[in-house]
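Structure file query_12.txt; described as compact mmCIF, C-alpha atoms.
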```txt
# COMPACT_ATOMS: atom_id res chain seq x y z
CA MET J 1417 2.72 -7.38 -5.92
CA ALA J 1418 6.22 -8.70 -5.28
CA VAL J 1419 7.18 -10.35 -2.05
CA PRO J 1420 9.69 -8.09 -0.24
CA HIS J 1421 13.17 -8.75 -1.61
CA GLY J 1422 15.75 -10.49 0.50
CA ILE J 1423 13.49 -12.50 2.80
CA THR J 1424 13.96 -16.15 3.70
CA ALA J 1425 11.10 -18.49 2.77
CA VAL J 1426 10.53 -22.17 3.45
CA VAL J 1427 8.63 -24.16 0.82
CA THR J 1428 7.69 -27.79 1.39
CA GLY J 1429 6.91 -30.11 -1.50
CA ALA J 1430 9.41 -28.05 -3.50
CA ALA J 1431 10.73 -30.81 -5.75
CA SER J 1432 7.85 -30.69 -8.24
CA GLY J 1433 4.47 -29.27 -9.15
CA ILE J 1434 3.08 -26.29 -7.28
CA GLY J 1435 5.79 -26.31 -4.62
CA GLN J 1436 8.51 -26.12 -7.24
CA ALA J 1437 6.73 -23.25 -9.01
CA VAL J 1438 6.33 -21.34 -5.74
CA ALA J 1439 9.99 -21.79 -4.86
CA GLN J 1440 11.06 -20.59 -8.30
CA ARG J 1441 8.83 -17.51 -8.23
CA LEU J 1442 10.04 -16.52 -4.78
CA ARG J 1443 13.61 -16.84 -5.97
CA ASP J 1444 12.89 -14.89 -9.14
CA GLU J 1445 11.69 -12.06 -6.89
CA GLY J 1446 15.05 -11.97 -5.12
CA ASN J 1447 14.44 -14.11 -2.06
CA ARG J 1448 16.29 -16.98 -0.42
CA VAL J 1449 14.24 -20.18 -0.46
CA ALA J 1450 14.84 -23.24 1.68
CA ALA J 1451 13.36 -25.90 -0.58
CA CYS J 1452 12.16 -28.94 1.37
CA ASP J 1453 10.94 -32.25 0.00
CA VAL J 1454 11.00 -35.95 0.78
CA ASN J 1455 12.45 -36.53 -2.71
CA PRO J 1456 16.22 -36.98 -2.29
CA LEU J 1457 16.78 -35.05 -5.54
CA ILE J 1458 16.01 -31.88 -3.60
CA GLY J 1459 19.45 -32.29 -2.10
CA GLU J 1460 20.89 -31.13 -5.42
CA ASP J 1461 19.41 -27.70 -4.73
CA PRO J 1462 22.01 -25.46 -3.01
CA ASP J 1463 19.38 -24.57 -0.41
CA GLY J 1464 17.59 -27.90 -0.55
CA PHE J 1465 16.68 -30.02 2.45
CA VAL J 1466 15.53 -33.62 2.31
CA LEU J 1467 12.65 -33.55 4.77
CA ASP J 1468 9.73 -35.80 5.63
CA VAL J 1469 7.09 -33.43 6.99
CA THR J 1470 5.45 -36.29 8.90
CA ASP J 1471 8.53 -36.49 11.15
CA GLY J 1472 7.92 -33.84 13.79
CA PRO J 1473 11.41 -33.80 15.36
CA ALA J 1474 13.04 -33.71 11.92
CA VAL J 1475 10.86 -30.73 10.96
CA THR J 1476 11.81 -28.88 14.16
CA ASN J 1477 15.51 -29.57 13.64
CA THR J 1478 15.39 -28.52 9.98
CA ILE J 1479 13.59 -25.25 10.72
CA ASP J 1480 16.12 -24.50 13.46
CA HIS J 1481 18.97 -25.22 11.04
CA ILE J 1482 17.47 -22.98 8.35
CA GLU J 1483 17.08 -20.14 10.84
CA LYS J 1484 20.73 -20.44 11.86
CA THR J 1485 22.31 -20.97 8.43
CA ILE J 1486 20.10 -19.24 5.86
CA GLY J 1487 18.17 -16.58 7.71
CA GLU J 1488 15.16 -15.68 9.80
CA ILE J 1489 12.11 -17.22 8.15
CA SER J 1490 9.53 -14.67 6.99
CA VAL J 1491 7.35 -16.95 4.85
CA LEU J 1492 6.29 -20.60 5.06
CA VAL J 1493 4.49 -22.27 2.18
CA ASN J 1494 3.03 -25.71 2.89
CA ALA J 1495 2.88 -27.30 -0.55
CA ALA J 1496 3.74 -30.90 0.37
CA GLY J 1497 0.84 -33.26 -0.24
CA ILE J 1498 -0.11 -36.70 -1.51
CA LEU J 1499 -3.13 -38.21 -3.23
CA ARG J 1500 -4.62 -41.66 -2.76
CA ARG J 1501 -7.64 -42.73 -4.78
CA GLY J 1502 -10.46 -44.81 -3.44
CA ASP J 1503 -13.96 -44.62 -2.02
CA LEU J 1504 -14.26 -44.03 1.69
CA THR J 1505 -16.02 -47.37 2.09
CA THR J 1506 -13.00 -49.21 0.73
CA ILE J 1507 -10.00 -47.00 1.50
CA THR J 1508 -7.24 -48.98 3.17
CA ASP J 1509 -5.90 -48.11 6.59
CA ALA J 1510 -2.46 -47.59 5.04
CA ASP J 1511 -3.74 -45.06 2.51
CA TRP J 1512 -5.80 -43.21 5.10
CA HIS J 1513 -2.93 -42.98 7.56
CA ALA J 1514 -0.58 -41.78 4.82
CA LEU J 1515 -3.02 -39.04 3.77
CA VAL J 1516 -3.49 -37.84 7.33
CA ALA J 1517 0.24 -37.96 8.05
CA VAL J 1518 1.30 -35.86 5.05
CA ASN J 1519 -1.67 -33.63 4.25
CA THR J 1520 -2.71 -32.78 7.81
CA THR J 1521 -0.09 -33.69 10.42
CA GLY J 1522 2.72 -32.57 8.10
CA VAL J 1523 1.10 -29.13 7.82
CA LEU J 1524 0.75 -28.89 11.59
CA ASN J 1525 4.39 -29.92 12.08
CA THR J 1526 5.78 -27.24 9.79
CA MET J 1527 3.41 -24.47 10.92
CA ARG J 1528 4.11 -25.14 14.58
CA ALA J 1529 7.89 -25.09 14.14
CA VAL J 1530 7.92 -21.97 11.97
CA ALA J 1531 5.37 -20.12 14.11
CA GLN J 1532 7.53 -20.62 17.18
CA ALA J 1533 10.42 -19.04 15.30
CA MET J 1534 8.27 -16.13 14.06
CA LEU J 1535 6.64 -15.29 17.38
CA PRO J 1536 9.56 -13.38 18.97
CA ARG J 1537 9.79 -11.24 15.79
CA GLN J 1538 6.02 -10.51 15.74
CA ARG J 1539 5.75 -10.88 11.97
CA GLY J 1540 5.50 -13.49 9.24
CA SER J 1541 3.24 -15.13 6.68
CA ILE J 1542 2.16 -18.77 6.55
CA ILE J 1543 0.36 -20.12 3.50
CA THR J 1544 -1.05 -23.60 3.05
CA VAL J 1545 -1.71 -25.01 -0.41
CA SER J 1546 -4.92 -26.95 0.11
CA SER J 1547 -7.47 -27.92 -2.57
CA ASN J 1548 -10.92 -26.91 -3.73
CA ALA J 1549 -11.83 -30.50 -2.85
CA ALA J 1550 -11.57 -29.38 0.78
CA GLY J 1551 -14.78 -27.41 0.31
CA VAL J 1552 -16.61 -29.42 -2.35
CA PRO J 1553 -17.38 -33.15 -1.95
CA ARG J 1554 -15.59 -35.36 -4.47
CA GLN J 1555 -16.14 -38.99 -5.42
CA GLY J 1556 -13.20 -41.34 -5.29
CA ILE J 1557 -10.84 -39.01 -3.41
CA GLY J 1558 -12.71 -38.52 -0.14
CA GLY J 1559 -9.67 -39.21 2.00
CA TYR J 1560 -7.66 -36.59 0.15
CA ALA J 1561 -10.51 -34.07 0.38
CA ALA J 1562 -11.02 -34.65 4.10
CA THR J 1563 -7.34 -34.28 4.99
CA LYS J 1564 -7.08 -31.12 2.90
CA ALA J 1565 -10.15 -29.75 4.69
CA ALA J 1566 -8.43 -30.44 8.01
CA ALA J 1567 -5.29 -28.66 6.82
CA THR J 1568 -7.37 -25.70 5.73
CA HIS J 1569 -9.05 -25.35 9.09
CA LEU J 1570 -5.80 -25.89 10.98
CA THR J 1571 -4.30 -22.99 9.07
CA ARG J 1572 -7.24 -20.69 9.72
CA CYS J 1573 -7.33 -21.58 13.42
CA LEU J 1574 -3.61 -20.90 13.68
CA GLY J 1575 -4.25 -17.58 11.96
CA LEU J 1576 -6.64 -16.64 14.77
CA GLU J 1577 -4.04 -17.58 17.38
CA LEU J 1578 -1.25 -15.66 15.68
CA ALA J 1579 -3.10 -12.54 14.51
CA PRO J 1580 -2.32 -10.59 17.71
CA HIS J 1581 1.35 -11.25 16.98
CA GLY J 1582 1.36 -9.87 13.46
CA ILE J 1583 1.61 -13.28 11.79
CA ARG J 1584 -0.81 -13.94 8.94
CA CYS J 1585 -2.07 -17.41 7.97
CA ASN J 1586 -3.91 -17.99 4.69
CA VAL J 1587 -4.93 -20.80 2.36
CA VAL J 1588 -4.73 -21.20 -1.40
CA ALA J 1589 -7.17 -23.81 -2.72
CA PRO J 1590 -6.28 -24.90 -6.26
CA GLY J 1591 -8.54 -26.89 -8.49
CA SER J 1592 -7.26 -29.09 -11.31
CA THR J 1593 -3.66 -28.06 -11.92
CA ASP J 1594 -1.26 -29.60 -14.44
CA THR J 1595 1.03 -31.38 -11.99
CA PRO J 1596 2.33 -34.94 -11.63
CA MET J 1597 -0.44 -35.49 -9.06
CA LEU J 1598 -3.19 -34.60 -11.53
CA ARG J 1599 -1.63 -36.76 -14.23
CA GLN J 1600 -1.52 -39.61 -11.73
CA LEU J 1601 -5.21 -39.07 -10.91
CA TRP J 1602 -6.19 -39.15 -14.58
CA GLY J 1603 -3.73 -41.92 -15.47
CA VAL J 1604 -2.21 -39.92 -18.32
CA GLU J 1605 1.17 -38.51 -19.28
CA ARG J 1606 -0.32 -35.30 -20.64
CA ILE J 1607 -3.37 -33.37 -19.46
CA ASN J 1608 -6.14 -32.69 -21.95
CA ASP J 1609 -7.56 -29.33 -20.89
CA SER J 1610 -10.88 -29.74 -22.65
CA ALA J 1611 -11.51 -33.20 -21.17
CA VAL J 1612 -10.82 -32.03 -17.62
CA ALA J 1613 -12.65 -28.74 -18.04
CA ALA J 1614 -15.77 -30.50 -19.38
CA GLY J 1615 -16.38 -32.12 -16.01
CA ASP J 1616 -18.27 -35.33 -15.34
CA PRO J 1617 -21.96 -35.03 -14.44
CA SER J 1618 -22.12 -38.70 -13.47
CA ALA J 1619 -19.62 -37.93 -10.69
CA PHE J 1620 -21.29 -34.62 -9.81
CA ARG J 1621 -18.25 -32.69 -11.05
CA ILE J 1622 -19.34 -29.63 -13.02
CA GLY J 1623 -16.02 -28.88 -14.68
CA ILE J 1624 -14.12 -25.62 -15.01
CA PRO J 1625 -16.11 -22.56 -16.14
CA LEU J 1626 -12.99 -20.82 -17.49
CA GLY J 1627 -12.33 -23.91 -19.62
CA LEU J 1628 -8.68 -24.29 -18.68
CA VAL J 1629 -6.63 -26.40 -16.31
CA ALA J 1630 -4.40 -24.24 -14.12
CA ARG J 1631 -0.63 -24.28 -14.45
CA PRO J 1632 1.55 -24.42 -11.34
CA ALA J 1633 2.66 -20.84 -12.06
CA ASP J 1634 -0.97 -19.68 -11.75
CA VAL J 1635 -1.16 -21.04 -8.22
CA ALA J 1636 2.31 -19.76 -7.36
CA ALA J 1637 1.22 -16.24 -8.29
CA SER J 1638 -1.64 -16.39 -5.79
CA VAL J 1639 0.62 -17.81 -3.09
CA CYS J 1640 3.12 -15.01 -3.61
CA PHE J 1641 0.34 -12.42 -3.48
CA LEU J 1642 -0.71 -13.69 -0.06
CA ALA J 1643 2.93 -13.61 1.06
CA SER J 1644 3.36 -10.03 -0.13
CA ASP J 1645 2.78 -6.70 1.57
CA ASP J 1646 -0.18 -6.20 -0.78
CA ALA J 1647 -1.97 -8.78 1.37
CA SER J 1648 -0.87 -7.24 4.67
CA HIS J 1649 -4.44 -7.06 6.00
CA LEU J 1650 -5.47 -10.55 4.91
CA THR J 1651 -5.44 -13.44 7.33
CA MET J 1652 -7.54 -16.60 7.81
CA GLN J 1653 -8.63 -16.31 4.16
CA GLU J 1654 -9.12 -19.12 1.64
CA LEU J 1655 -8.40 -18.17 -1.96
CA TYR J 1656 -9.82 -20.55 -4.58
CA VAL J 1657 -7.65 -20.78 -7.71
CA ASP J 1658 -9.75 -23.18 -9.76
CA GLY J 1659 -11.18 -21.34 -12.76
CA GLY J 1660 -14.54 -21.19 -11.04
CA ALA J 1661 -14.90 -24.96 -10.58
CA ALA J 1662 -16.09 -24.69 -6.98
CA LEU J 1663 -18.70 -22.06 -7.92
CA ARG J 1664 -17.52 -19.78 -5.13
```
Let me see the file written as C-alpha cells.
Amino acid sequence: MAVPHGITAVVTGAASGIGQAVAQRLRDEGNRVAACDVNPLIGEDPDGFVLDVTDGPAVTNTIDHIEKTIGEISVLVNAAGILRRGDLTTITDADWHALVAVNTTGVLNTMRAVAQAMLPRQRGSIITVSSNAAGVPRQGIGGYAATKAAATHLTRCLGLELAPHGIRCNVVAPGSTDTPMLRQLWGVERINDSAVAAGDPSAFRIGIPLGLVARPADVAASVCFLASDDASHLTMQELYVDGGAALR
C-alpha cells in the first residue's frame, strides 16, 4: 500500500497534527515532501516553505518554485485548516472570513496551482483532509463544518474535471483526532478518549462507536492509501476516518 518511492509531494498544514503525520509517513516511504505551513517554524525543515494558503499569488509562486527546485509534483495533500468556535447566530465576521479563507479558498488555491502543473503530465493525486463535520451537522462549530463541506465538494468537482486527464481527487474526512485543534476545541492539554468517545446526547453527538479517538497517524495512513497505486481507480471519493462516529 506504499506510495510509489521517489515522488514529490506537497503537504499543507505540515507543521503539526495530521499534516505533520502525513508528511512524515510520505517521507518514511522514500518520497520528497515539500512541507508548507503558515507557522514560521516550518522553515527549519530542509524542504519547508512558509506559506499562507489564503494568498493565491504566493501559492502559485511556491508551487512553481517547488516544481523547479524539488521535482514534479505527483501528490498534493491539503491538510491546512483552522477552527473557530461559535454558533452561527453569533459568529463574528472576522471568524467567518478566516474560516472561509483557510478551509475553503486555501484549498482552491493549492488545488488550482498544482492541477495546472499536473495537467501536462496527465497524472497525479490530490487529497483534501476535510472533516466528518462536513457531512454531519454539529453544534457550536457550524462555520467550520460549512467551510469543510465546501472544501469537500470543491475537491470532488475538481476530480470530475480532471478525471479525463488521469488526475485523481479524493477526500479524507477525519472525526475526532488527537491534534492541537481538538485539544483547543475541548480546552484541555490532553485528550481523554473515553470522554470524547462517549459523545454528548444534549448536543446530538452520538460519540465514537469504536471507542477511541484517532491519532494523526491513523488519518495519515488513509491519506497515503488514496495517494498510492492501490487506489488507482478511486476518484471523487470521501473516506470517513472517524471510528464510525458519522454512522456511514
Q: For atom CA of Thr1485 of chain J and atom CA of Val1530 of chain J, determine how far apart the two atoms are, in Å to one decimal place.
A: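 That distance, rounded to one decimal, is 14.9 Å.
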Q: Determine, counting all atoms listed in the file, which protein, DNA and RNA residues have an atom within 12 Å of an atom of Cys1573 of chain J; residues of the same chain fewer than 3 positions away are not included. Present the result as a count of residues only.
A: 18
Q) When distances are computed from all atoms listed in the file, which of J:Ala1517, J:Val1454, J:Leu1663, J:Val1475 shows the smallest separation from Gly1551 of chain J? A)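 With all atoms listed in the file as the atom set, the closest residue is J:Leu1663.
The closest residue to Leu1535 of chain J, picked from J:Glu1488, J:Asp1503, J:Asp1509, J:Glu1605 and counting only C-alpha atoms, is J:Glu1488.
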Q) In terms of the shortest atom-to-atom distance over only C-alpha atoms, which of J:Gln1440, J:Gln1600, J:Gln1532, J:Thr1593 is closest to Val1612 of chain J? A)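 Going through J:Gln1440, J:Gln1600, J:Gln1532, J:Thr1593 one by one, the smallest distance to Val1612 of chain J is for J:Thr1593.
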Q. What is the distance between atom CA of Ala1561 of chain J and atom CA of Ala1661 of chain J, in Å to one decimal?
A. 14.9 Å
**Q.** Closest of J:Arg1606, J:Arg1631, J:His1481, J:His1649 to Ala1533 of chain J - atom-to-atom distances counting all atoms listed in the file
**A.** J:His1481
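When only C-alpha atoms are used to measure the gap to Ile1507 of chain J, the shortest distance among J:Leu1467, J:Gly1558, J:Thr1478, J:Lys1484 belongs to J:Gly1558.
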Spatial neighbours of Ile1557 of chain J, 10 Å, all atoms listed in the file, chain gap at least 2 places, as a PDB file with C-alpha atoms, in the coordinates of the input:
```pdb
ATOM      1  CA  LEU J1499      -3.130 -38.210  -3.230  1.00  0.00           C
ATOM      2  CA  ARG J1500      -4.620 -41.660  -2.760  1.00  0.00           C
ATOM      3  CA  ARG J1501      -7.640 -42.730  -4.780  1.00  0.00           C
ATOM      4  CA  GLY J1502     -10.460 -44.810  -3.440  1.00  0.00           C
ATOM      5  CA  ASP J1503     -13.960 -44.620  -2.020  1.00  0.00           C
ATOM      6  CA  LEU J1504     -14.260 -44.030   1.690  1.00  0.00           C
ATOM      7  CA  ILE J1507     -10.000 -47.000   1.500  1.00  0.00           C
ATOM      8  CA  ALA J1549     -11.830 -30.500  -2.850  1.00  0.00           C
ATOM      9  CA  PRO J1553     -17.380 -33.150  -1.950  1.00  0.00           C
ATOM     10  CA  ARG J1554     -15.590 -35.360  -4.470  1.00  0.00           C
ATOM     11  CA  GLN J1555     -16.140 -38.990  -5.420  1.00  0.00           C
ATOM     12  CA  GLY J1559      -9.670 -39.210   2.000  1.00  0.00           C
ATOM     13  CA  TYR J1560      -7.660 -36.590   0.150  1.00  0.00           C
ATOM     14  CA  ALA J1561     -10.510 -34.070   0.380  1.00  0.00           C
ATOM     15  CA  ALA J1562     -11.020 -34.650   4.100  1.00  0.00           C
ATOM     16  CA  LEU J1601      -5.210 -39.070 -10.910  1.00  0.00           C
TER      17      LEU J1601
END
```
Q) From the list J:Glu1460, J:Gly1556, J:Ile1607, J:Gly1540, which residue is nearest Thr1506 of chain J when using only C-alpha atoms? A)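 Among the listed residues, the smallest separation from Thr1506 of chain J belongs to J:Gly1556.
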Q: Between atom CA of Ala1425 of chain J and atom CA of Asn1447 of chain J, measure the distance and give it in Å to one decimal.
A: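 Spanning atom CA of Ala1425 of chain J to atom CA of Asn1447 of chain J is a straight-line distance of 7.3 Å.
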Let me know the centre plus edge lengths, in Å and rounded to one decimal, of a box with edges along x, y and z that contains all listed atoms of segment 1618-1628 of chain J and is padded by 8 Å on every side, as AutoDock Vina command-line options.
```
--center_x -15.4 --center_y -29.8 --center_z -14.7 --size_x 29.4 --size_y 33.9 --size_z 25.8
```
Q) Excluding same-chain residues fewer than 2 positions from Leu1628 of chain J, what lies within 9 Å of it counting only C-alpha atoms, as a list in words? A) Ser1592, Asp1609, Ser1610, Val1612, Ala1613, Ile1624, Pro1625, Leu1626, Ala1630 and Gly1659 of chain J
